[in-house]
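J.: data_10.txt is reproduced below (compact mmCIF, C-alpha atoms).
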# COMPACT_ATOMS: atom_id res chain seq x y z
CA MET A 1 14.47 1.37 71.26
CA SER A 2 12.46 1.79 68.04
CA ALA A 3 13.91 1.03 64.63
CA LEU A 4 13.89 3.32 61.62
CA VAL A 5 12.64 1.52 58.48
CA MET A 6 13.71 2.90 55.11
CA ALA A 7 12.47 1.78 51.67
CA PHE A 8 14.25 3.17 48.61
CA TYR A 9 15.04 2.61 44.96
CA GLY A 10 16.61 4.44 42.05
CA PHE A 11 17.10 3.66 38.37
CA THR A 12 20.49 4.77 37.07
CA ALA A 13 23.40 3.18 35.21
CA MET A 14 25.79 1.70 37.78
CA GLU A 15 29.34 0.37 37.62
CA GLY A 16 31.83 -1.19 40.02
CA LEU A 17 29.11 -3.22 41.73
CA PRO A 18 31.26 -5.82 43.56
CA GLY A 19 33.23 -3.09 45.34
CA LEU A 20 30.08 -1.15 46.18
CA GLN A 21 28.47 -4.33 47.47
CA GLN A 22 31.28 -4.87 49.97
CA GLU A 23 31.35 -1.21 50.99
CA LEU A 24 27.61 -1.05 51.68
CA LYS A 25 27.72 -4.34 53.57
CA GLU A 26 30.47 -3.06 55.87
CA LEU A 27 28.76 0.31 56.34
CA ALA A 28 25.45 -1.32 57.27
CA GLN A 29 27.11 -3.75 59.68
CA GLN A 30 28.93 -0.90 61.41
CA GLY A 31 25.61 0.92 61.88
CA GLY A 32 23.64 -2.06 63.16
CA VAL A 33 21.49 -2.10 59.99
CA LEU A 34 19.67 -5.19 58.71
CA GLY A 35 17.53 -5.76 55.63
CA THR A 36 18.06 -6.20 51.90
CA ILE A 37 19.88 -4.06 49.35
CA LEU A 38 19.83 -5.10 45.69
CA LEU A 39 22.39 -3.73 43.24
CA ALA A 40 22.25 -4.09 39.45
CA GLU A 41 23.50 -2.28 36.39
CA GLU A 42 20.07 -0.59 36.20
CA GLY A 43 20.13 0.82 39.76
CA VAL A 44 19.51 0.09 43.45
CA ASN A 45 16.53 -1.13 45.44
CA GLY A 46 16.10 -2.04 49.08
CA THR A 47 14.45 -1.90 52.47
CA ILE A 48 16.57 -1.67 55.61
CA SER A 49 15.98 -1.14 59.30
CA GLY A 50 18.01 -0.17 62.34
CA PRO A 51 19.27 2.80 64.39
CA ASP A 52 18.62 6.19 62.81
CA ALA A 53 22.29 6.99 62.37
CA GLY A 54 23.09 3.69 60.68
CA VAL A 55 20.16 3.85 58.27
CA LYS A 56 20.87 7.46 57.31
CA ALA A 57 24.57 6.69 56.77
CA VAL A 58 23.58 4.12 54.13
CA LEU A 59 21.27 6.66 52.48
CA GLU A 60 23.99 9.33 52.44
CA ARG A 61 26.43 6.91 50.78
CA LEU A 62 23.90 5.94 48.13
CA ARG A 63 23.21 9.60 47.37
CA GLN A 64 26.90 10.08 46.61
CA LEU A 65 26.64 7.68 43.65
CA PRO A 66 26.28 9.10 40.11
CA GLY A 67 22.63 9.59 39.24
CA LEU A 68 21.38 8.99 42.78
CA GLY A 69 21.87 12.44 44.28
CA GLY A 70 18.11 12.87 44.55
CA LEU A 71 17.41 9.33 45.76
CA GLU A 72 14.08 9.38 47.61
CA ALA A 73 13.39 7.24 50.64
CA LYS A 74 10.21 6.35 52.51
CA PHE A 75 10.57 6.21 56.28
CA SER A 76 8.46 4.57 58.96
CA ARG A 77 8.94 3.38 62.54
CA ALA A 78 8.79 -0.04 64.16
CA GLU A 79 9.03 -1.01 67.81
CA GLN A 80 11.93 -3.32 67.02
CA GLN A 81 14.19 -4.49 64.20
CA THR A 82 12.07 -5.66 61.25
CA PHE A 83 14.65 -7.98 59.65
CA HIS A 84 16.62 -11.02 60.77
CA ARG A 85 19.62 -10.59 58.47
CA LEU A 86 21.56 -8.24 56.24
CA LYS A 87 21.71 -9.10 52.54
CA VAL A 88 23.52 -6.98 49.93
CA ARG A 89 23.12 -8.77 46.62
CA LEU A 90 24.14 -8.29 43.01
CA LYS A 91 21.25 -8.95 40.60
CA ARG A 92 20.47 -8.72 36.90
CA GLU A 93 17.50 -6.46 37.72
CA ILE A 94 16.60 -4.55 40.89
CA VAL A 95 13.00 -5.63 40.26
CA SER A 96 12.61 -8.69 38.07
CA MET A 97 10.37 -8.20 35.05
CA GLY A 98 12.47 -10.27 32.65
CA CYS A 99 12.53 -7.57 29.96
CA PRO A 100 16.14 -6.35 29.68
CA THR A 101 15.32 -3.79 26.99
CA VAL A 102 13.10 -1.80 29.37
CA LYS A 103 15.11 1.19 30.64
CA PRO A 104 13.31 3.22 33.34
CA ALA A 105 16.35 5.47 33.66
CA GLU A 106 15.66 6.66 30.11
CA GLN A 107 11.86 6.77 29.89
CA VAL A 108 8.98 6.39 32.38
CA GLY A 109 5.39 7.53 32.66
CA THR A 110 4.17 10.77 34.21
CA TYR A 111 4.78 11.02 37.96
CA VAL A 112 1.67 11.89 39.97
CA PRO A 113 2.28 13.21 43.52
CA PRO A 114 0.02 11.82 46.26
CA ALA A 115 -1.85 15.13 46.59
CA GLN A 116 -3.08 14.79 42.96
CA TRP A 117 -3.56 11.01 42.89
CA ASP A 118 -7.19 10.79 44.03
CA GLU A 119 -8.32 13.34 41.47
CA LEU A 120 -6.76 11.22 38.72
CA ILE A 121 -8.04 7.80 39.80
CA THR A 122 -11.61 8.98 40.52
CA ASP A 123 -11.95 10.26 36.96
CA PRO A 124 -14.18 7.71 35.16
CA ASP A 125 -11.96 8.03 32.09
CA THR A 126 -8.90 6.76 34.01
CA LEU A 127 -7.98 3.07 34.02
CA VAL A 128 -6.37 2.29 37.40
CA VAL A 129 -4.00 -0.70 37.62
CA ASP A 130 -2.45 -2.25 40.73
CA THR A 131 0.92 -3.60 39.54
CA ARG A 132 1.52 -5.74 42.65
CA ASN A 133 0.95 -9.47 43.10
CA ARG A 134 -2.37 -11.05 43.99
CA TYR A 135 -1.55 -11.72 47.65
CA GLU A 136 -0.53 -8.08 48.14
CA VAL A 137 -3.71 -6.77 46.55
CA GLU A 138 -5.80 -8.92 48.88
CA VAL A 139 -4.37 -7.06 51.88
CA GLY A 140 -5.43 -3.65 50.54
CA SER A 141 -5.70 -1.51 47.42
CA PHE A 142 -7.24 1.64 45.98
CA ALA A 143 -10.98 1.50 45.34
CA GLY A 144 -11.79 0.40 41.81
CA ALA A 145 -8.24 -0.64 40.85
CA ILE A 146 -7.75 -3.55 38.48
CA ASP A 147 -6.00 -6.57 40.01
CA PRO A 148 -3.93 -8.40 37.36
CA GLY A 149 -3.94 -11.50 39.58
CA THR A 150 -0.23 -12.15 39.09
CA GLU A 151 1.86 -14.39 41.34
CA SER A 152 5.11 -12.74 40.18
CA PHE A 153 6.07 -9.44 38.57
CA ARG A 154 7.51 -11.46 35.69
CA GLU A 155 3.92 -12.32 34.71
CA PHE A 156 3.03 -8.64 34.27
CA PRO A 157 4.14 -8.26 30.60
CA SER A 158 2.02 -11.27 29.60
CA TRP A 159 -0.97 -9.80 31.44
CA VAL A 160 -0.48 -6.52 29.59
CA GLU A 161 -0.61 -8.22 26.21
CA GLN A 162 -3.39 -10.68 26.99
CA THR A 163 -5.68 -8.48 29.10
CA LEU A 164 -4.69 -4.83 29.35
CA ARG A 165 -4.16 -4.11 25.67
CA PRO A 166 -7.59 -5.48 24.62
CA LEU A 167 -9.20 -3.59 27.52
CA VAL A 168 -7.57 -0.30 26.50
CA GLN A 169 -8.60 -0.83 22.87
CA LYS A 170 -12.18 -1.45 23.98
CA THR A 171 -12.60 1.32 26.59
CA GLN A 172 -10.26 3.99 25.17
CA PRO A 173 -9.34 5.55 28.56
CA LYS A 174 -7.89 9.05 28.66
CA ALA A 175 -5.22 7.89 31.12
CA ILE A 176 -3.73 4.75 32.65
CA ALA A 177 -2.77 5.16 36.33
CA MET A 178 -0.50 2.57 37.92
CA PHE A 179 0.70 2.10 41.49
CA CYS A 180 2.71 -0.24 43.71
CA THR A 181 4.16 -0.34 47.24
CA GLY A 182 7.10 2.03 46.95
CA GLY A 183 7.07 3.11 43.30
CA ILE A 184 9.61 0.79 41.71
CA ARG A 185 7.30 -1.73 40.04
CA CYS A 186 4.88 0.87 38.69
CA GLU A 187 7.83 2.91 37.39
CA LYS A 188 9.18 -0.07 35.50
CA SER A 189 5.65 -0.95 34.37
CA THR A 190 5.14 2.48 32.85
CA ALA A 191 8.47 2.18 31.05
CA TYR A 192 7.29 -1.14 29.63
CA LEU A 193 3.91 0.25 28.53
CA LEU A 194 5.51 3.21 26.79
CA GLN A 195 7.93 0.88 25.02
CA GLN A 196 4.95 -1.16 23.85
CA GLY A 197 3.17 1.85 22.39
CA PHE A 198 0.72 2.78 25.17
CA GLU A 199 0.04 6.47 25.75
CA ASN A 200 -0.98 8.74 28.66
CA VAL A 201 0.61 6.45 31.25
CA HIS A 202 0.89 7.73 34.83
CA HIS A 203 2.14 6.33 38.12
CA LEU A 204 1.92 7.22 41.81
CA GLN A 205 5.12 8.98 42.84
CA GLY A 206 6.62 7.29 45.89
CA GLY A 207 4.04 4.52 45.77
CA ILE A 208 1.47 3.57 48.37
CA LEU A 209 3.88 4.21 51.24
CA ARG A 210 4.33 7.85 50.25
CA TYR A 211 0.57 8.23 49.75
CA LEU A 212 -0.17 6.86 53.25
CA GLU A 213 2.48 9.16 54.67
CA GLU A 214 1.11 12.33 53.07
CA ILE A 215 -2.67 11.86 52.74
CA PRO A 216 -4.82 11.98 55.93
CA GLU A 217 -6.90 8.85 56.41
CA GLU A 218 -10.16 10.81 56.45
CA ARG A 219 -9.42 12.04 52.89
CA SER A 220 -7.88 8.83 51.60
CA SER A 221 -9.23 6.47 48.95
CA TRP A 222 -6.98 3.65 50.17
CA GLN A 223 -8.83 0.60 51.47
CA GLY A 224 -7.35 -1.94 53.87
CA GLU A 225 -3.69 -2.28 54.83
CA CYS A 226 -0.49 -2.29 52.77
CA TYR A 227 1.62 -5.43 52.48
CA VAL A 228 5.33 -4.86 53.19
CA PHE A 229 8.29 -7.18 52.72
CA ASP A 230 9.51 -7.38 56.31
CA GLN A 231 8.47 -8.83 59.66
CA ARG A 232 5.65 -6.32 60.05
CA VAL A 233 3.86 -8.07 57.15
CA SER A 234 1.48 -5.10 56.70
CA VAL A 235 1.16 -1.47 57.79
CA ASN A 236 -1.96 0.57 58.42
CA HIS A 237 -2.72 4.09 57.23
CA GLN A 238 -0.50 5.53 59.99
CA LEU A 239 2.39 3.33 58.73
CA GLN A 240 2.21 1.37 61.97
CA PRO A 241 2.36 -2.47 62.00
CA GLY A 242 -0.96 -3.82 60.75
CA SER A 243 -3.12 -6.80 61.67
CA TYR A 244 -1.74 -9.40 59.24
CA SER A 245 0.69 -12.15 60.15
CA LEU A 246 2.77 -14.41 57.91
CA CYS A 247 2.05 -18.09 57.41
CA HIS A 248 5.44 -19.74 57.92
CA ALA A 249 4.31 -22.72 55.84
CA CYS A 250 3.59 -20.89 52.57
CA GLY A 251 4.89 -17.37 53.25
CA LEU A 252 1.61 -15.60 52.45
CA PRO A 253 -0.15 -12.96 54.60
CA VAL A 254 -2.98 -14.13 56.86
CA SER A 255 -5.73 -11.82 58.14
CA PRO A 256 -7.23 -11.94 61.65
CA GLU A 257 -10.37 -13.50 60.16
CA GLN A 258 -8.35 -16.19 58.35
CA ARG A 259 -6.55 -17.04 61.59
CA LEU A 260 -9.95 -18.05 63.02
CA GLU A 261 -10.62 -20.60 60.27
CA PRO A 262 -10.19 -24.34 61.02
CA SER A 263 -7.50 -24.63 58.34
CA TYR A 264 -5.23 -22.21 60.20
CA ARG A 265 -2.59 -23.82 62.41
CA GLU A 266 0.22 -21.45 63.32
CA GLY A 267 3.34 -22.24 61.32
CA ILE A 268 1.74 -25.36 59.81
CA SER A 269 -1.13 -24.37 57.50
CA CYS A 270 -3.49 -21.57 56.55
CA PRO A 271 -6.43 -21.06 54.14
CA HIS A 272 -3.94 -20.28 51.36
CA CYS A 273 -1.98 -23.53 51.61
CA VAL A 274 -4.13 -26.10 53.40
CA GLU A 275 -4.16 -28.29 50.24
CA ARG A 276 -0.63 -27.58 49.06
CA PHE A 277 1.71 -29.65 51.22
CA SER A 278 2.23 -33.32 52.07
CA ASP A 279 1.87 -34.91 55.50
CA ALA A 280 5.68 -35.10 55.69
CA ASP A 281 5.88 -31.37 55.04
CA ARG A 282 3.33 -30.71 57.80
CA LEU A 283 5.36 -32.75 60.28
CA ARG A 284 8.44 -30.75 59.37
CA PHE A 285 6.55 -27.47 59.76
CA ALA A 286 5.19 -28.59 63.14
CA GLU A 287 8.69 -29.35 64.42
CA ARG A 288 9.96 -25.98 63.21
CA GLN A 289 7.03 -24.28 64.95
CA ARG A 290 7.82 -26.16 68.15
CA GLN A 291 11.43 -24.98 68.01
CA MET A 292 10.27 -21.41 67.43
CA GLN A 293 7.98 -21.61 70.45
CA LEU A 294 10.78 -22.98 72.62
CA ALA A 295 13.05 -20.14 71.48
CA ARG A 296 10.36 -17.57 72.38
CA GLU A 297 10.00 -19.09 75.84
CA ARG A 298 13.76 -18.74 76.31
CA GLY A 299 13.60 -15.12 75.16
CA GLN A 300 15.58 -15.91 72.03
CA GLN A 301 14.95 -15.25 68.35
CA HIS A 302 14.46 -18.24 66.06
CA LEU A 303 15.11 -17.51 62.40
CA GLY A 304 12.85 -20.29 61.10
Could you take the file, read its structure, and then write that structure out as structure tokens?

T.:
Amino acid sequence: MSALVMAFYGFTAMEGLPGLQQELKELAQQGGVLGTILLAEEGVNGTISGPDAGVKAVLERLRQLPGLGGLEAKFSRAEQQTFHRLKVRLKREIVSMGCPTVKPAEQVGTYVPPAQWDELITDPDTLVVDTRNRYEVEVGSFAGAIDPGTESFREFPSWVEQTLRPLVQKTQPKAIAMFCTGGIRCEKSTAYLLQQGFENVHHLQGGILRYLEEIPEERSSWQGECYVFDQRVSVNHQLQPGSYSLCHACGLPVSPEQRLEPSYREGISCPHCVERFSDADRLRFAERQRQMQLARERGQQHLG
């Protein structure tokens, strides 16, 4: 039986989080739903997977919360469950930028629906910025987008001040267009830019996932696959599982071409991390990989 995968987020002031945490955990467990739900005073963020009824029950409950009546969700299908566990966590931020004064619920950039996105980003007077991390950008991005080269979203404000601001002052673009996987990081990024005095800031409504869902591949300006934070690792333009796998040593995505390189040893090393770990680490990784292989041969799931 296939699993329904749902990605969602919403910025709104929230209260009573410990009680809501327990309620959502019980509701998801009853519906056979796994994945991650993050709750904070600024809103909710998550990706979950499971039977249709269970996933939609979680969405219906979230939409009953103040300020989340119009909560949008991006749906896709997987042949099987895409998560090992259920985690419902209380956090300081639903996406960690480290700037507590940024309030996306109060002010964000201009939403651009997927149908109008290509017209905006192909304009030579538009500066296009990918707000995701370096390893995500390497899997796929929009043609001509700037890659900040960040390892963490917390590095984004520093990149803005050190690189983006001088670039904007030099090129004087008519618009800044930002995008991310599901919309949450670019929404918070636009809130930050506006707070810092930038103007004409736009972002892709619903993120890359909504764009891939609505724009036919033959008319798309998307290049490559889209990294996702579940066992699928990446999805293609049809939102089907892509060609990337995850290196269980460093946790980074590995392409089919990288899996052919001498440095790639399943579960032990890859081109990203071949110089990063000690011999003792490699021995530990090799034993874990052996246990995973034994579990597969027994028809069991090994959580790593």

J.: Can you find the residues with an atom no farther than 10 Å from (7.4, -12.7, 31.5), counting all atoms listed in the file, and report them as number ranges by chain?

T.: A: 96-99, 152-159

J.: Do you know which residues lie at most 12 Å from (-0.7, -20.1, 66.1), with coordinates as in the file and all atoms listed in the file counted, and could you write them as a JSON list (two decimals) with C-alpha atoms, in the coordinates of the input?

T.:
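Okay, part16.json is ready:
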[["chain", "number", "residue", "atom", "x", "y", "z"],
["A", 245, "SER", "CA", 0.69, -12.15, 60.15],
["A", 246, "LEU", "CA", 2.77, -14.41, 57.91],
["A", 247, "CYS", "CA", 2.05, -18.09, 57.41],
["A", 248, "HIS", "CA", 5.44, -19.74, 57.92],
["A", 249, "ALA", "CA", 4.31, -22.72, 55.84],
["A", 254, "VAL", "CA", -2.98, -14.13, 56.86],
["A", 256, "PRO", "CA", -7.23, -11.94, 61.65],
["A", 258, "GLN", "CA", -8.35, -16.19, 58.35],
["A", 259, "ARG", "CA", -6.55, -17.04, 61.59],
["A", 260, "LEU", "CA", -9.95, -18.05, 63.02],
["A", 261, "GLU", "CA", -10.62, -20.60, 60.27],
["A", 262, "PRO", "CA", -10.19, -24.34, 61.02],
["A", 263, "SER", "CA", -7.50, -24.63, 58.34],
["A", 264, "TYR", "CA", -5.23, -22.21, 60.20],
["A", 265, "ARG", "CA", -2.59, -23.82, 62.41],
["A", 266, "GLU", "CA", 0.22, -21.45, 63.32],
["A", 267, "GLY", "CA", 3.34, -22.24, 61.32],
["A", 268, "ILE", "CA", 1.74, -25.36, 59.81],
["A", 269, "SER", "CA", -1.13, -24.37, 57.50],
["A", 270, "CYS", "CA", -3.49, -21.57, 56.55],
["A", 286, "ALA", "CA", 5.19, -28.59, 63.14],
["A", 289, "GLN", "CA", 7.03, -24.28, 64.95],
["A", 290, "ARG", "CA", 7.82, -26.16, 68.15],
["A", 292, "MET", "CA", 10.27, -21.41, 67.43],
["A", 293, "GLN", "CA", 7.98, -21.61, 70.45]]

J.: Mind giving me the straight-line distance from CA of Asp147 in chain A to CA of Leu194 in chain A in Å, one decimal?

T.: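 Separating CA of Asp147 in chain A from CA of Leu194 in chain A is a distance of 20.1 Å.
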
J.: Is it possible to get the axis-aligned box enclosing range 262-277 of chain A (all listed atoms, 3 Å extra per side) as JSON, with centre and edge lengths in Å rounded to one decimal?

T.:
{"center_x": -3.4, "center_y": -25.0, "center_z": 56.2, "size_x": 19.5, "size_y": 15.4, "size_z": 20.3}

J.: Would you please work out which residue, of A:Gly35, A:Pro113, A:Gly46, A:Pro216, is nearest to Thr82 in chain A when using only C-alpha atoms?

T.: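 Using only C-alpha atoms, Thr82 in chain A sits closest to A:Gly35.
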
J.: For Ile146 in chain A, which residue among A:Met14, A:Val88, A:Ala177, A:Leu120 is the nearest when counting only C-alpha atoms?

T.: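 Smallest separation from Ile146 in chain A among the options: A:Ala177.
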
J.: Tell me, as an MDAnalysis selection string, which residues lie within 10 Å of Cys226 in chain A, counting all atoms listed in the file; anything in the same chain fewer than 3 positions away does not count.

T.: chainID A and resid 136:141 180:181 208:209 212 222:223 233:237 239 241:242 244

J.: How far is it from CA of Glu214 in chain A to CA of Leu4 in chain A, in Å with one decimal?

T.: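 Interatomic distance, CA of Glu214 in chain A to CA of Leu4 in chain A: 17.8 Å.
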
J.: Determine the nearest neighbour of Gln64 in chain A from the options A:Met6, A:Val108, A:Leu20, A:Val168, counting only C-alpha atoms.

T.: A:Leu20
